[in-house]
>>> print(open('structure_23.pdb').read())   # PDB, C-alpha atoms, pLDDT in the B column
MODEL        1
ATOM      1  CA  MET U   1     -81.194 -58.391   2.735  1.00 59.00           C
ATOM      2  CA  GLN U   2     -80.504 -54.672   3.252  1.00 58.00           C
ATOM      3  CA  THR U   3     -82.937 -51.944   2.313  1.00 62.00           C
ATOM      4  CA  ASP U   4     -81.822 -48.902   0.369  1.00 61.00           C
ATOM      5  CA  GLU U   5     -81.982 -46.857   3.573  1.00 60.00           C
ATOM      6  CA  GLN U   6     -79.777 -49.332   5.477  1.00 56.00           C
ATOM      7  CA  GLU U   7     -77.270 -49.398   2.645  1.00 61.00           C
ATOM      8  CA  PHE U   8     -77.217 -45.591   2.551  1.00 53.00           C
ATOM      9  CA  ARG U   9     -76.542 -45.440   6.327  1.00 53.00           C
ATOM     10  CA  MET U  10     -73.753 -47.989   6.054  1.00 53.00           C
ATOM     11  CA  LYS U  11     -72.085 -45.889   3.354  1.00 56.00           C
ATOM     12  CA  LEU U  12     -72.292 -42.858   5.658  1.00 49.00           C
ATOM     13  CA  HIS U  13     -70.985 -44.720   8.716  1.00 49.00           C
ATOM     14  CA  ARG U  14     -68.037 -46.484   7.066  1.00 54.00           C
ATOM     15  CA  PRO U  15     -65.898 -43.322   6.661  1.00 52.00           C
ATOM     16  CA  MET U  16     -66.785 -42.193  10.173  1.00 47.00           C
ATOM     17  CA  MET U  17     -65.876 -45.594  11.626  1.00 46.00           C
ATOM     18  CA  SER U  18     -62.622 -45.572   9.655  1.00 48.00           C
ATOM     19  CA  ALA U  19     -61.811 -42.111  11.013  1.00 43.00           C
ATOM     20  CA  ILE U  20     -62.542 -43.249  14.590  1.00 44.00           C
ATOM     21  CA  ALA U  21     -60.388 -46.357  14.119  1.00 40.00           C
ATOM     22  CA  LEU U  22     -57.600 -44.216  12.703  1.00 38.00           C
ATOM     23  CA  GLY U  23     -57.874 -41.822  15.648  1.00 40.00           C
ATOM     24  CA  ILE U  24     -57.722 -44.674  18.150  1.00 42.00           C
ATOM     25  CA  SER U  25     -54.705 -46.154  16.347  1.00 40.00           C
ATOM     26  CA  ALA U  26     -52.921 -42.794  16.431  1.00 37.00           C
ATOM     27  CA  ALA U  27     -53.649 -42.418  20.159  1.00 36.00           C
ATOM     28  CA  VAL U  28     -52.277 -45.906  20.863  1.00 36.00           C
ATOM     29  CA  LEU U  29     -49.117 -45.119  18.882  1.00 37.00           C
ATOM     30  CA  LEU U  30     -48.634 -41.827  20.746  1.00 37.00           C
ATOM     31  CA  LEU U  31     -49.050 -43.549  24.099  1.00 38.00           C
ATOM     32  CA  ALA U  32     -46.602 -46.267  23.091  1.00 38.00           C
ATOM     33  CA  ALA U  33     -44.077 -43.665  21.945  1.00 41.00           C
ATOM     34  CA  ALA U  34     -44.467 -41.781  25.224  1.00 40.00           C
ATOM     35  CA  ALA U  35     -43.873 -45.001  27.184  1.00 40.00           C
ATOM     36  CA  VAL U  36     -40.722 -45.736  25.176  1.00 39.00           C
ATOM     37  CA  ASP U  37     -39.545 -42.155  25.724  1.00 45.00           C
ATOM     38  CA  ALA U  38     -40.148 -42.405  29.471  1.00 44.00           C
ATOM     39  CA  ALA U  39     -38.331 -45.735  29.638  1.00 44.00           C
ATOM     40  CA  SER U  40     -35.391 -44.411  27.662  1.00 51.00           C
ATOM     41  CA  ASP U  41     -35.184 -41.325  29.919  1.00 57.00           C
ATOM     42  CA  SER U  42     -34.666 -43.545  32.953  1.00 63.00           C
ATOM     43  CA  ALA U  43     -32.054 -45.566  31.044  1.00 74.00           C
ATOM     44  CA  ARG U  44     -30.099 -42.550  29.761  1.00 86.00           C
ATOM     45  CA  PRO U  45     -26.984 -41.431  31.608  1.00 94.00           C
ATOM     46  CA  MET U  46     -27.626 -38.647  34.090  1.00 96.00           C
ATOM     47  CA  VAL U  47     -24.993 -35.923  34.252  1.00 97.00           C
ATOM     48  CA  ARG U  48     -24.945 -33.270  36.927  1.00 97.00           C
ATOM     49  CA  ILE U  49     -22.544 -30.499  37.830  1.00 98.00           C
ATOM     50  CA  ALA U  50     -22.287 -29.464  41.462  1.00 98.00           C
ATOM     51  CA  GLU U  51     -20.894 -26.023  42.264  1.00 98.00           C
ATOM     52  CA  LEU U  52     -19.728 -25.731  45.863  1.00 98.00           C
ATOM     53  CA  GLU U  53     -18.139 -23.050  47.974  1.00 98.00           C
ATOM     54  CA  ILE U  54     -16.203 -24.460  50.919  1.00 98.00           C
ATOM     55  CA  ASP U  55     -15.163 -22.683  54.106  1.00 98.00           C
ATOM     56  CA  PRO U  56     -11.480 -21.883  53.342  1.00 98.00           C
ATOM     57  CA  GLU U  57     -10.396 -22.860  56.860  1.00 98.00           C
ATOM     58  CA  GLN U  58     -11.864 -26.341  56.391  1.00 98.00           C
ATOM     59  CA  LEU U  59     -10.816 -26.883  52.776  1.00 98.00           C
ATOM     60  CA  ASP U  60      -8.173 -29.564  53.411  1.00 98.00           C
ATOM     61  CA  ALA U  61     -10.537 -31.585  55.623  1.00 98.00           C
ATOM     62  CA  TYR U  62     -13.306 -31.218  53.021  1.00 98.00           C
ATOM     63  CA  LYS U  63     -11.060 -32.438  50.186  1.00 98.00           C
ATOM     64  CA  ALA U  64     -10.047 -35.531  52.194  1.00 98.00           C
ATOM     65  CA  ILE U  65     -13.690 -36.449  52.912  1.00 98.00           C
ATOM     66  CA  LEU U  66     -14.652 -35.780  49.282  1.00 98.00           C
ATOM     67  CA  ALA U  67     -11.830 -38.002  47.968  1.00 98.00           C
ATOM     68  CA  GLU U  68     -12.933 -40.854  50.244  1.00 98.00           C
ATOM     69  CA  GLU U  69     -16.565 -40.508  49.109  1.00 98.00           C
ATOM     70  CA  GLN U  70     -15.707 -40.320  45.394  1.00 98.00           C
ATOM     71  CA  GLU U  71     -13.478 -43.381  45.513  1.00 98.00           C
ATOM     72  CA  ALA U  72     -16.062 -45.433  47.437  1.00 98.00           C
ATOM     73  CA  SER U  73     -18.905 -44.368  45.132  1.00 98.00           C
ATOM     74  CA  VAL U  74     -17.090 -45.359  41.932  1.00 97.00           C
ATOM     75  CA  ARG U  75     -15.745 -48.587  43.430  1.00 97.00           C
ATOM     76  CA  LEU U  76     -18.938 -49.788  45.157  1.00 97.00           C
ATOM     77  CA  GLU U  77     -21.805 -48.486  43.024  1.00 97.00           C
ATOM     78  CA  PRO U  78     -22.202 -49.964  39.530  1.00 96.00           C
ATOM     79  CA  GLY U  79     -24.423 -47.027  38.489  1.00 96.00           C
ATOM     80  CA  VAL U  80     -21.828 -44.377  39.374  1.00 97.00           C
ATOM     81  CA  LEU U  81     -19.880 -44.169  36.133  1.00 95.00           C
ATOM     82  CA  MET U  82     -17.664 -41.206  36.888  1.00 95.00           C
ATOM     83  CA  LEU U  83     -17.066 -38.574  39.571  1.00 97.00           C
ATOM     84  CA  HIS U  84     -14.547 -35.812  38.925  1.00 97.00           C
ATOM     85  CA  SER U  85     -13.732 -32.964  41.279  1.00 98.00           C
ATOM     86  CA  VAL U  86     -11.742 -29.832  40.526  1.00 98.00           C
ATOM     87  CA  ALA U  87     -10.995 -26.569  42.291  1.00 98.00           C
ATOM     88  CA  ILE U  88     -11.182 -23.229  40.513  1.00 97.00           C
ATOM     89  CA  ALA U  89      -7.542 -22.232  39.968  1.00 97.00           C
ATOM     90  CA  ASP U  90      -7.706 -18.683  41.324  1.00 97.00           C
ATOM     91  CA  ASN U  91     -10.327 -19.488  43.975  1.00 97.00           C
ATOM     92  CA  PRO U  92      -9.493 -22.947  45.392  1.00 97.00           C
ATOM     93  CA  ASN U  93     -12.367 -23.067  47.884  1.00 98.00           C
ATOM     94  CA  HIS U  94     -14.760 -23.082  44.905  1.00 98.00           C
ATOM     95  CA  ILE U  95     -15.143 -26.747  43.940  1.00 98.00           C
ATOM     96  CA  ARG U  96     -16.843 -28.217  40.873  1.00 98.00           C
ATOM     97  CA  LEU U  97     -17.977 -31.817  40.649  1.00 98.00           C
ATOM     98  CA  LEU U  98     -18.845 -33.573  37.410  1.00 97.00           C
ATOM     99  CA  GLU U  99     -21.078 -36.535  38.219  1.00 97.00           C
ATOM    100  CA  VAL U 100     -22.089 -39.165  35.656  1.00 96.00           C
ATOM    101  CA  TYR U 101     -24.607 -41.855  36.578  1.00 97.00           C
ATOM    102  CA  ALA U 102     -25.879 -44.721  34.430  1.00 96.00           C
ATOM    103  CA  SER U 103     -29.448 -43.500  34.976  1.00 95.00           C
ATOM    104  CA  ARG U 104     -31.654 -41.423  37.256  1.00 94.00           C
ATOM    105  CA  ASP U 105     -32.331 -44.619  39.235  1.00 96.00           C
ATOM    106  CA  ALA U 106     -28.584 -45.029  39.778  1.00 96.00           C
ATOM    107  CA  TYR U 107     -28.405 -41.436  41.024  1.00 96.00           C
ATOM    108  CA  GLU U 108     -31.309 -42.038  43.422  1.00 97.00           C
ATOM    109  CA  ALA U 109     -29.542 -45.161  44.742  1.00 97.00           C
ATOM    110  CA  HIS U 110     -26.330 -43.150  45.184  1.00 98.00           C
ATOM    111  CA  LEU U 111     -28.123 -40.656  47.445  1.00 97.00           C
ATOM    112  CA  LYS U 112     -28.996 -43.541  49.793  1.00 98.00           C
ATOM    113  CA  ALA U 113     -25.521 -45.119  49.866  1.00 98.00           C
ATOM    114  CA  PRO U 114     -23.883 -45.136  53.330  1.00 98.00           C
ATOM    115  CA  HIS U 115     -20.663 -43.497  52.083  1.00 97.00           C
ATOM    116  CA  PHE U 116     -22.641 -40.642  50.477  1.00 98.00           C
ATOM    117  CA  ILE U 117     -24.712 -40.093  53.621  1.00 98.00           C
ATOM    118  CA  LYS U 118     -21.470 -40.040  55.645  1.00 98.00           C
ATOM    119  CA  TYR U 119     -20.029 -37.444  53.225  1.00 98.00           C
ATOM    120  CA  LYS U 120     -23.140 -35.227  53.482  1.00 98.00           C
ATOM    121  CA  THR U 121     -23.260 -35.308  57.295  1.00 98.00           C
ATOM    122  CA  SER U 122     -19.477 -34.876  57.675  1.00 98.00           C
ATOM    123  CA  THR U 123     -19.281 -31.856  55.363  1.00 98.00           C
ATOM    124  CA  GLU U 124     -22.549 -30.014  56.006  1.00 97.00           C
ATOM    125  CA  LYS U 125     -20.838 -27.328  58.142  1.00 98.00           C
ATOM    126  CA  MET U 126     -17.945 -27.029  55.678  1.00 98.00           C
ATOM    127  CA  VAL U 127     -20.105 -26.247  52.642  1.00 98.00           C
ATOM    128  CA  LYS U 128     -21.035 -22.551  52.482  1.00 98.00           C
ATOM    129  CA  SER U 129     -23.090 -22.924  49.300  1.00 98.00           C
ATOM    130  CA  LEU U 130     -24.175 -25.646  46.897  1.00 98.00           C
ATOM    131  CA  ARG U 131     -25.748 -25.301  43.469  1.00 98.00           C
ATOM    132  CA  LEU U 132     -26.754 -28.382  41.469  1.00 97.00           C
ATOM    133  CA  VAL U 133     -26.842 -27.880  37.706  1.00 97.00           C
ATOM    134  CA  GLU U 134     -28.980 -30.282  35.674  1.00 94.00           C
ATOM    135  CA  THR U 135     -27.555 -31.060  32.248  1.00 95.00           C
ATOM    136  CA  THR U 136     -28.510 -32.887  29.094  1.00 94.00           C
ATOM    137  CA  PRO U 137     -25.654 -35.083  27.908  1.00 92.00           C
ATOM    138  CA  ILE U 138     -24.664 -34.571  24.290  1.00 92.00           C
ATOM    139  CA  LEU U 139     -21.817 -37.079  24.060  1.00 90.00           C
ATOM    140  CA  LEU U 140     -19.679 -38.576  26.817  1.00 89.00           C
ATOM    141  CA  CYS U 141     -16.335 -40.044  25.712  1.00 88.00           C
ATOM    142  CA  ALA U 142     -13.373 -41.476  27.597  1.00 86.00           C
ATOM    143  CA  LYS U 143     -10.175 -43.192  26.571  1.00 86.00           C
ATOM    144  CA  GLY U 144      -9.864 -46.863  27.358  1.00 82.00           C
ATOM    145  CA  ARG U 145      -6.914 -48.433  29.093  1.00 83.00           C
ATOM    146  CA  ALA U 146      -3.700 -48.775  27.130  1.00 84.00           C
ATOM    147  CA  GLY U 147      -4.516 -50.293  23.753  1.00 81.00           C
ATOM    148  CA  GLU U 148      -8.297 -50.117  24.240  1.00 86.00           C
ATOM    149  CA  PRO U 149     -10.380 -47.814  22.086  1.00 87.00           C
ATOM    150  CA  ALA U 150     -12.210 -44.775  23.409  1.00 86.00           C
ATOM    151  CA  THR U 151     -15.748 -45.329  24.622  1.00 86.00           C
ATOM    152  CA  CYS U 152     -18.577 -42.913  23.948  1.00 86.00           C
ATOM    153  CA  MET U 153     -22.159 -42.914  25.149  1.00 82.00           C
TER     154      MET U 153
ENDMDL
END
>>> encode(input="structure_23.pdb", output="structure tokens")
Amino acid sequence: MQTDEQEFRMKLHRPMMSAIALGISAAVLLLAAAAVDAASDSARPMVRIAELEIDPEQLDAYKAILAEEQEASVRLEPGVLMLHSVAIADNPNHIRLLEVYASRDAYEAHLKAPHFIKYKTSTEKMVKSLRLVETTPILLCAKGRAGEPATCM
């Protein structure tokens, strides 16, 4: 049997214990949400733009090595979704690459691929400058093959 004093203390402690339990629950939910966010970041496509300036006298050789690397990357690496390269029309030794990877992990794997390492070592004296631009994808869409619908991610 509880005394009046014990009953009074229990009435005081119940709201405090409820508040503590609520606080712990909120913290657990925040941690869970952060874990989901972190997991979804690694599963989101990674899109990067590379801005390069190539030595004009070595431009043709650079483009041949780049084409070989792009083709091998897309063909051999499941996480390399798309690699596009273009030259600036009025300044053809300024190259832009649009790179789309399935995830950051796929990008990290790409950096270790033999064909990419060959590209980097073969072109290091051809590249006068390189700037990598991090992006946040909004929507990535591409047409399917004939008769297939467009795909967006």
>>> axis_aligned_box(input="structure_23.pdb", around="region 142-151 of chain U", padding_each_side="8 Å", output="JSON")
{"center_x": -9.7, "center_y": -45.9, "center_z": 25.6, "size_x": 28.0, "size_y": 24.8, "size_z": 23.0}
>>> atom_distance(input="structure_23.pdb", atom1="CA of Ala67 (chain U)", atom2="CA of Ala89 (chain U)")
18.2 Å
>>> atom_distance(input="structure_23.pdb", atom1="CA of Pro78 (chain U)", atom2="CA of Met153 (chain U)")
16.0 Å
>>> closest_atom_pairs(input="structure_23.pdb", of="region 43-82 of chain U", to="region 131-136 of chain U", cutoff="6 Å", atoms="only C-alpha atoms", output="CSV")
residue,atom,partner,partner_atom,distance
U:Val47,CA,U:Thr135,CA,5.9
U:Arg48,CA,U:Glu134,CA,5.2
U:Ile49,CA,U:Val133,CA,5.0
U:Ala50,CA,U:Leu132,CA,4.6
U:Glu51,CA,U:Arg131,CA,5.1
>>> closest_residue(input="structure_23.pdb", among="U:Leu59, U:Ala87, U:Ala102, U:Leu66", to="Ile117 (chain U)", atoms="all atoms listed in the file")
U:Leu66
>>> resolve_selection(input="structure_23.pdb", expression="the PyMOL selection byres ((chain U and resi 52) around 9)", output="list of chain:residue names")
U:Ala50, U:Glu51, U:Glu53, U:Ile54, U:Asn93, U:His94, U:Ile95, U:Arg96, U:Leu97, U:Val127, U:Lys128, U:Ser129, U:Leu130, U:Arg131, U:Leu132
>>> closest_residue(input="structure_23.pdb", among="U:Tyr107, U:Phe116, U:Tyr101, U:Tyr62", to="Leu81 (chain U)", atoms="all atoms listed in the file")
U:Tyr101
>>> closest_residue(input="structure_23.pdb", among="U:Glu99, U:Glu148, U:Glu124, U:Asp90", to="Ser73 (chain U)", atoms="only C-alpha atoms")
U:Glu99
>>> closest_residue(input="structure_23.pdb", among="U:Lys125, U:Lys63, U:His115, U:Arg104", to="Gly79 (chain U)", atoms="all atoms listed in the file")
U:Arg104
>>> closest_residue(input="structure_23.pdb", among="U:Leu111, U:Leu140, U:Glu68, U:Val100", to="Leu83 (chain U)", atoms="only C-alpha atoms")
U:Val100
>>> atom_distance(input="structure_23.pdb", atom1="CA of Ala64 (chain U)", atom2="CA of Ala109 (chain U)")
23.0 Å
>>> closest_residue(input="structure_23.pdb", among="U:Ser122, U:Ser85, U:Thr151, U:Gln58", to="Leu98 (chain U)", atoms="all atoms listed in the file")
U:Ser85
>>> resolve_selection(input="structure_23.pdb", expression="the PyMOL selection byres ((chain U and resi 152) around 12)", output="list in words")
Pro45, Pro137, Ile138, Leu139, Leu140, Cys141, Ala142, Lys143, Gly144, Pro149, Ala150, Thr151 and Met153 of chain U
